[in-house]
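Source file run-v1.cif; content: mmCIF, C-alpha atoms.
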data_target
loop_
_atom_site.label_atom_id
_atom_site.label_comp_id
_atom_site.auth_asym_id
_atom_site.auth_seq_id
_atom_site.Cartn_x
_atom_site.Cartn_y
_atom_site.Cartn_z
CA MET A 679 80.37 168.77 139.11
CA ALA A 680 80.92 167.81 142.75
CA ARG A 681 78.17 165.20 142.58
CA HIS A 682 79.76 163.56 139.54
CA ALA A 683 83.11 163.61 141.25
CA ARG A 684 81.69 161.73 144.21
CA LEU A 685 79.96 159.10 142.00
CA LEU A 686 83.02 158.32 139.92
CA PRO A 687 84.92 156.35 142.56
CA ARG A 688 81.81 154.24 143.28
CA ARG A 689 81.40 153.28 139.60
CA THR A 690 85.05 152.48 139.35
CA GLN A 691 84.81 150.35 142.47
CA LEU A 692 81.75 148.52 141.08
CA ARG A 693 83.49 147.77 137.81
CA GLY A 694 86.45 146.44 139.78
CA ARG A 695 84.25 144.04 141.72
CA GLN A 696 82.54 142.85 138.52
CA ARG A 697 85.95 142.20 136.91
CA ARG A 698 87.11 140.17 139.92
CA ASP A 699 83.88 138.17 139.89
CA THR A 700 84.39 137.38 136.22
CA LEU A 701 88.00 136.32 136.68
CA HIS A 702 87.33 134.32 139.84
CA PRO A 703 83.74 133.04 139.75
CA GLU A 704 82.40 131.29 142.76
CA PRO A 705 82.38 127.48 142.28
CA ARG A 706 79.01 125.91 141.74
CA ALA A 707 79.14 123.19 144.34
CA PRO A 708 75.90 121.35 143.37
CA THR A 709 76.98 121.01 139.70
CA ARG A 710 80.44 119.75 140.62
CA THR A 711 79.00 117.28 143.12
CA MET A 712 76.56 115.94 140.55
CA ALA A 713 79.38 115.40 138.00
CA VAL A 714 81.42 113.43 140.54
CA PHE A 715 78.36 111.37 141.45
CA VAL A 716 77.68 110.49 137.78
CA ILE A 717 81.31 109.42 137.25
CA ILE A 718 81.20 107.16 140.31
CA VAL A 719 77.92 105.55 139.20
CA LEU A 720 79.26 104.90 135.68
CA ALA A 721 82.46 103.36 137.07
CA LEU A 722 80.49 101.05 139.38
CA LEU A 723 78.08 100.07 136.59
CA THR A 724 80.95 99.29 134.18
CA GLY A 725 82.69 97.17 136.80
CA TRP A 726 79.52 95.22 137.54
CA LEU A 727 78.79 94.60 133.85
CA HIS A 728 82.35 93.40 133.26
CA SER A 729 82.48 91.13 136.32
CA SER A 730 79.09 89.61 135.51
CA GLY A 731 80.08 88.86 131.94
CA ARG A 732 77.62 91.34 130.45
CA TRP A 733 80.29 93.67 129.04
CA PRO A 734 81.80 94.05 126.52
CA PHE A 735 78.50 93.37 124.79
CA GLU A 736 78.82 90.47 122.32
CA PRO A 737 76.04 89.39 119.95
CA ASP A 738 74.69 85.86 120.15
CA PRO A 739 76.14 84.01 117.11
CA GLY A 740 73.39 81.39 117.19
CA PRO A 741 73.79 77.61 116.82
CA PRO A 742 76.83 76.08 115.09
CA PRO A 743 76.39 74.71 111.56
CA ALA A 744 75.81 71.11 110.56
CA VAL A 745 78.87 69.62 108.85
CA ALA A 746 79.20 66.69 106.44
CA THR A 747 82.08 65.18 104.49
CA PRO A 748 81.43 64.70 100.75
CA PRO A 749 83.24 62.13 98.58
CA ALA A 750 86.78 63.29 97.80
CA ALA A 751 86.90 64.56 94.23
CA LEU A 752 87.87 67.55 92.12
CA GLY A 753 85.06 70.05 92.30
CA GLN A 754 84.09 69.16 95.87
CA PRO A 755 84.78 71.09 99.09
CA VAL A 756 86.54 69.26 101.90
CA LEU A 757 83.49 69.82 104.14
CA VAL A 758 79.89 70.67 103.38
CA VAL A 759 79.07 73.33 105.97
CA GLY A 760 75.42 73.98 106.69
CA SER A 761 73.81 77.38 106.92
CA ALA A 762 74.60 79.46 110.00
CA SER A 763 75.67 82.95 110.93
CA ALA A 764 79.21 83.84 109.92
CA LEU A 765 79.93 84.52 113.60
CA ALA A 766 78.82 81.01 114.55
CA ILE A 767 81.07 79.44 111.92
CA LEU A 768 83.96 81.68 112.95
CA GLN A 769 83.74 80.20 116.45
CA THR A 770 84.35 76.72 114.98
CA LEU A 771 87.60 77.65 113.20
CA PRO A 772 90.91 76.76 114.89
CA VAL A 773 93.02 79.74 115.95
CA LYS A 774 96.81 79.61 115.65
CA GLY A 775 99.77 81.31 114.04
CA LYS A 776 100.72 81.10 110.38
CA ALA A 777 102.80 78.22 109.09
CA ALA A 778 106.02 78.85 107.17
CA ARG A 779 105.67 80.27 103.65
CA ASN A 780 109.17 79.55 102.32
CA ASN A 781 107.94 76.41 100.52
CA TYR A 782 104.88 78.03 98.93
CA ASP A 783 104.40 77.60 95.18
CA ARG A 784 101.30 78.59 93.21
CA SER A 785 101.54 75.33 91.27
CA ALA A 786 100.57 73.47 94.46
CA PHE A 787 97.00 74.62 93.72
CA GLY A 788 97.00 73.42 90.11
CA GLU A 789 97.04 75.33 86.85
CA ALA A 790 95.35 78.69 86.59
CA TRP A 791 92.63 78.38 85.45
CA MET A 792 91.27 74.84 85.16
CA ASP A 793 87.77 73.50 84.56
CA ALA A 794 87.21 72.10 88.05
CA ASP A 795 83.42 71.85 87.73
CA SER A 796 83.58 70.12 84.33
CA ASN A 797 81.21 72.54 82.63
CA GLY A 798 83.47 72.93 79.59
CA CYS A 799 84.69 76.45 80.50
CA ASP A 800 87.71 77.49 82.57
CA THR A 801 87.13 79.03 85.98
CA ARG A 802 88.23 82.57 85.08
CA ASN A 803 85.62 82.87 82.34
CA ASP A 804 83.00 81.25 84.58
CA ILE A 805 83.50 84.00 87.17
CA LEU A 806 83.60 86.81 84.59
CA ARG A 807 80.31 85.56 83.20
CA ARG A 808 78.80 85.21 86.69
CA ASP A 809 79.85 88.61 88.05
CA MET A 810 79.48 90.92 85.03
CA THR A 811 76.55 92.27 83.08
CA ALA A 812 76.23 92.98 79.36
CA VAL A 813 78.57 90.06 78.74
CA LYS A 814 79.67 89.34 75.18
CA PHE A 815 81.69 86.33 74.02
CA THR A 816 84.38 86.08 71.40
CA ALA A 817 83.19 84.86 68.02
CA GLY A 818 82.54 81.14 67.93
CA SER A 819 82.93 80.61 71.71
CA ARG A 820 80.37 80.05 74.43
CA CYS A 821 83.02 80.45 77.16
CA LEU A 822 85.58 83.11 76.28
CA VAL A 823 84.27 86.46 77.58
CA ALA A 824 85.16 89.32 75.26
CA SER A 825 83.65 92.25 77.16
CA GLY A 826 81.28 93.21 79.92
CA THR A 827 80.58 95.63 82.78
CA LEU A 828 81.48 94.90 86.39
CA ALA A 829 79.69 96.54 89.32
CA GLU A 830 82.85 96.11 91.37
CA HIS A 831 82.38 95.20 95.03
CA TYR A 832 85.70 96.20 96.60
CA THR A 833 85.67 99.82 95.46
CA GLY A 834 82.01 100.36 94.65
CA LYS A 835 82.97 101.53 91.14
CA GLU A 836 81.80 100.38 87.74
CA VAL A 837 84.61 98.84 85.70
CA ALA A 838 84.49 98.11 81.98
CA PHE A 839 86.13 94.89 80.83
CA LYS A 840 87.52 94.33 77.36
CA ARG A 841 89.63 91.31 76.55
CA GLY A 842 93.08 92.23 75.31
CA LYS A 843 96.76 92.18 76.19
CA ASP A 844 96.64 95.71 77.62
CA THR A 845 93.06 95.78 78.87
CA SER A 846 92.17 92.44 80.49
CA GLY A 847 93.96 93.40 83.72
CA ALA A 848 91.32 96.01 84.54
CA VAL A 849 89.20 93.14 85.89
CA GLN A 850 90.97 90.36 87.75
CA ILE A 851 89.72 87.28 89.57
CA ASP A 852 90.50 87.53 93.27
CA HIS A 853 90.90 84.58 95.59
CA VAL A 854 88.93 85.87 98.58
CA VAL A 855 91.11 83.71 100.81
CA ALA A 856 94.40 84.31 99.02
CA LEU A 857 96.22 81.13 98.07
CA GLY A 858 99.35 82.30 99.91
CA ASN A 859 97.27 82.81 103.03
CA ALA A 860 95.55 79.45 102.56
CA TRP A 861 98.96 77.78 102.30
CA GLN A 862 99.98 79.26 105.65
CA THR A 863 96.71 78.41 107.40
CA GLY A 864 96.22 74.73 106.64
CA ALA A 865 96.27 74.11 102.88
CA GLN A 866 99.72 72.50 103.09
CA VAL A 867 98.14 69.37 104.57
CA LEU A 868 95.35 69.15 101.97
CA THR A 869 95.67 66.78 99.06
CA THR A 870 96.53 68.10 95.60
CA VAL A 871 92.93 67.61 94.45
CA GLN A 872 91.58 69.44 97.52
CA ARG A 873 93.89 72.39 96.86
CA GLN A 874 92.78 72.48 93.21
CA SER A 875 89.17 72.54 94.36
CA LEU A 876 89.92 75.38 96.78
CA ALA A 877 91.64 77.46 94.10
CA ASN A 878 88.69 77.09 91.70
CA ASP A 879 85.70 77.07 94.06
CA PRO A 880 83.36 79.90 93.01
CA LEU A 881 82.83 80.55 96.73
CA ASN A 882 86.44 81.72 96.93
CA LEU A 883 86.41 83.81 93.75
CA LEU A 884 85.21 87.30 92.89
CA ALA A 885 85.78 89.44 89.83
CA ALA A 886 87.57 92.51 91.19
CA ASP A 887 89.10 95.82 90.26
CA GLY A 888 92.66 95.09 89.13
CA PRO A 889 94.47 97.71 91.25
CA ALA A 890 92.43 96.81 94.37
CA ASN A 891 93.27 93.13 93.88
CA GLN A 892 96.96 93.95 93.53
CA GLU A 893 96.83 96.07 96.69
CA LYS A 894 95.27 93.21 98.64
CA SER A 895 97.91 90.68 97.51
CA ASP A 896 97.94 87.82 100.07
CA GLY A 897 96.47 89.91 102.89
CA ASP A 898 93.97 88.53 105.37
CA ALA A 899 91.20 90.42 107.18
CA ALA A 900 93.72 91.80 109.70
CA THR A 901 95.78 93.50 106.99
CA TRP A 902 93.31 94.29 104.19
CA LEU A 903 89.59 94.93 103.86
CA PRO A 904 87.64 96.27 100.86
CA PRO A 905 87.75 100.07 100.64
CA ASP A 906 83.95 100.06 100.21
CA LYS A 907 82.85 99.51 103.81
CA LYS A 908 79.36 98.41 102.74
CA PHE A 909 80.85 95.20 101.32
CA ARG A 910 82.98 94.23 104.30
CA CYS A 911 80.38 92.10 106.08
CA HIS A 912 79.82 89.95 103.00
CA TYR A 913 83.55 89.79 102.29
CA VAL A 914 84.45 88.57 105.78
CA ALA A 915 81.53 86.09 105.79
CA ARG A 916 82.80 84.69 102.49
CA GLN A 917 86.33 84.31 103.88
CA ILE A 918 85.00 82.48 106.94
CA SER A 919 82.87 80.21 104.75
CA VAL A 920 85.89 79.29 102.59
CA LYS A 921 88.07 78.56 105.60
CA ALA A 922 85.40 76.33 107.10
CA ALA A 923 84.78 74.45 103.84
CA TYR A 924 88.49 73.69 103.42
CA ARG A 925 89.44 73.15 107.08
CA LEU A 926 91.70 76.20 107.29
CA TRP A 927 92.44 78.14 110.45
CA VAL A 928 92.59 81.83 111.37
CA THR A 929 95.27 83.74 113.24
CA PRO A 930 94.37 85.61 116.47
CA ALA A 931 94.66 88.99 114.70
CA GLU A 932 92.59 87.75 111.77
CA LYS A 933 89.81 86.46 114.03
CA ALA A 934 89.75 89.72 115.99
CA ALA A 935 89.42 91.71 112.74
CA MET A 936 86.60 89.46 111.53
CA GLN A 937 84.75 89.84 114.82
CA ARG A 938 85.05 93.64 114.63
CA VAL A 939 83.53 93.68 111.15
CA LEU A 940 80.73 91.24 112.00
CA GLY A 941 79.96 93.16 115.19
CA LEU A 942 78.22 95.65 112.89
CA CYS A 943 76.25 92.90 111.13
CA PRO A 944 75.90 89.98 113.59
CA LYS A 945 73.13 88.34 111.53
CA GLN A 946 75.32 88.07 108.41
CA GLN A 947 74.92 84.55 107.06
CA SER A 948 77.54 82.16 105.72
CA LEU A 949 77.73 81.04 102.08
CA PRO A 950 77.87 77.47 100.68
CA SER A 951 80.56 76.12 98.40
CA GLY A 952 80.00 77.11 94.79
CA TYR A 953 80.23 73.47 93.78
CA LEU A 954 77.09 72.49 95.65
CA PRO A 955 73.72 72.39 93.89
#
What do you get writing this file as structure tokens?
Amino acid sequence: MARHARLLPRRTQLRGRQRRDTLHPEPRAPTRTMAVFVIIVLALLTGWLHSSGRWPFEPDPGPPPAVATPPAALGQPVLVVGSASALAILQTLPVKGKAARNNYDRSAFGEAWMDADSNGCDTRNDILRRDMTAVKFTAGSRCLVASGTLAEHYTGKEVAFKRGKDTSGAVQIDHVVALGNAWQTGAQVLTTVQRQSLANDPLNLLAADGPANQEKSDGDAATWLPPDKKFRCHYVARQISVKAAYRLWVTPAEKAAMQRVLGLCPKQQSLPSGYLP
């Protein structure tokens, strides 16, 4: 019993030291020094990259496109823009703020929908036929689409189309560069025929999910992008291609948004006007 009595204070004292060591561990000087060293090196490296122009890292857009001016006519773009990366074409677009919208009227772009390419069918049915599968026409017509299935790009869903007063709205034709946006970024100075061509150019048109199209409204890339992220590179490249073909400009926020999207796909190519062979 006496031996146990003498050992007890030692065990208690040992446990006390262990508790203090746990609560107040000795600092590990080498580890702390290494962390400080790494932070300093990273800061110096970042500063050097920034001052030398090597950071932020920006992809090489490649050479600018060749540009030609076709004869002015309905069913012709304002400019024929050669193939190039969307980033390269974006660098050629003027950058400035939006013009006033108070004088905007949809009729400035002609009737919806006209037969701008003179193929005998109106533009809406041309795009429905182009973008849908299992297309059927109304009896006695080679133009009027009665039904079909759309693998919809903006949402990634499959949408069934059936012509009718209460059903046609499920699939709408979206102006990729909205006409309201086009009006505020240069279309005001285009001729009537050029605006009609812009509104009906297949390059600027996609069959789209009705609710998604309504949500987009007149938004540009800074305010709206397709919910399906896999389609955003193509969508932005198409907007850039339209703006180049019709001599429209982009706002600073719009250009920044386009650059962010294309930063994930710097090799994304532009698209030609749908009027060109």
- Message: Given the point (76.2, 72.7, 100.4) in the coordinates of this file, which residues lie within 8 Å, counting all atoms listed in the file, and how would they look as number ranges by chain?
- Response: A: 758-760, 950-951, 953-955
Hey, can you spit out that residue selection with C-alpha atoms as a JSON list (two decimals), in the frame of the given file?
[["chain", "number", "residue", "atom", "x", "y", "z"],
["A", 758, "VAL", "CA", 79.89, 70.67, 103.38],
["A", 759, "VAL", "CA", 79.07, 73.33, 105.97],
["A", 760, "GLY", "CA", 75.42, 73.98, 106.69],
["A", 950, "PRO", "CA", 77.87, 77.47, 100.68],
["A", 951, "SER", "CA", 80.56, 76.12, 98.40],
["A", 953, "TYR", "CA", 80.23, 73.47, 93.78],
["A", 954, "LEU", "CA", 77.09, 72.49, 95.65],
["A", 955, "PRO", "CA", 73.72, 72.39, 93.89]]
- Using all atoms listed in the file, determine which residues lie at most 12 Å from Leu828 of chain A, disregarding the query and same-chain residues fewer than 6 positions distant; provide the list as a PyMOL selection string. chain A and resi 805-813+834-840+848-851+884-888
- Using the chain letters and numbering of this document, enumerate as a list in words the residues selected by the PyMOL selection byres ((chain A and resi 832) around 6). Glu830, His831, Thr833, Gly834, Pro904, Pro905 and Asp906 of chain A
- Task: Using the chain letters and numbers from the file, give me the residues hit by the PyMOL selection byres ((chain A and resi 783-791) around 6), as a VMD selection string.
- Result: chain A and resid 782 792 800 to 801 873 to 874
- Message: Using Å and a single decimal, report how far atom CA of Asp852 of chain A sits from atom CA of Leu942 of chain A.
- Response: 24.5 Å
- Item | Test item: the PyMOL selection byres ((chain A and resi 821) around 12) resolved as a ChimeraX atom specification | /A:793,797-808,813-820,822-825
- Can you work out the spacing between atom CA of Asn878 of chain A and atom CA of Ala829 of chain A in Å, to one decimal?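 For atom CA of Asn878 of chain A relative to atom CA of Ala829 of chain A, the distance reads 21.6 Å.
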- Message: From the options A:His853, A:Lys843, A:Lys776, A:His912, which residue's atoms come nearest to Lys894 of chain A, counting only C-alpha atoms?
- Response: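 Checking each candidate against Lys894 of chain A, we get A:His853 as the closest.
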- Quick one: everything within 10 Å of segment 740-749 of chain A, counting only C-alpha atoms, minus sequence neighbours fewer than 6 positions away in the same chain. Send it as a ChimeraX atom specification. /A:755-770,922-923,944-945,948
- Item | Point-to-point distance from atom CA of Thr863 of chain A to atom CA of Arg779 of chain A, Å rounded to tenths |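 Taking atom CA of Thr863 of chain A as the start and atom CA of Arg779 of chain A as the end point, the length is 9.9 Å.
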Centre and edges of the segment 908-912 of chain A box, axis-aligned, 3 Å extra per side, as JSON:
{"center_x": 81.2, "center_y": 94.2, "center_z": 103.7, "size_x": 9.6, "size_y": 14.5, "size_z": 10.8}
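Closest approach to Ala900 of chain A among A:Gln862, A:Thr929, A:Ser796, A:Thr827: A:Thr929, based on only C-alpha atoms.
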- Residue among A:Gly897, A:Asn780, A:Ala865, A:Glu736 lying closest to Arg938 of chain A, counting only C-alpha atoms: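 Closest to Arg938 of chain A, using only C-alpha atoms: A:Glu736.
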- Would you mind listing what lies within 12 Å of Val773 of chain A as a VMD selection string, with all atoms listed in the file counted and same-chain residues fewer than 4 positions away left out? chain A and resid 768 to 769 863 to 864 921 925 to 934
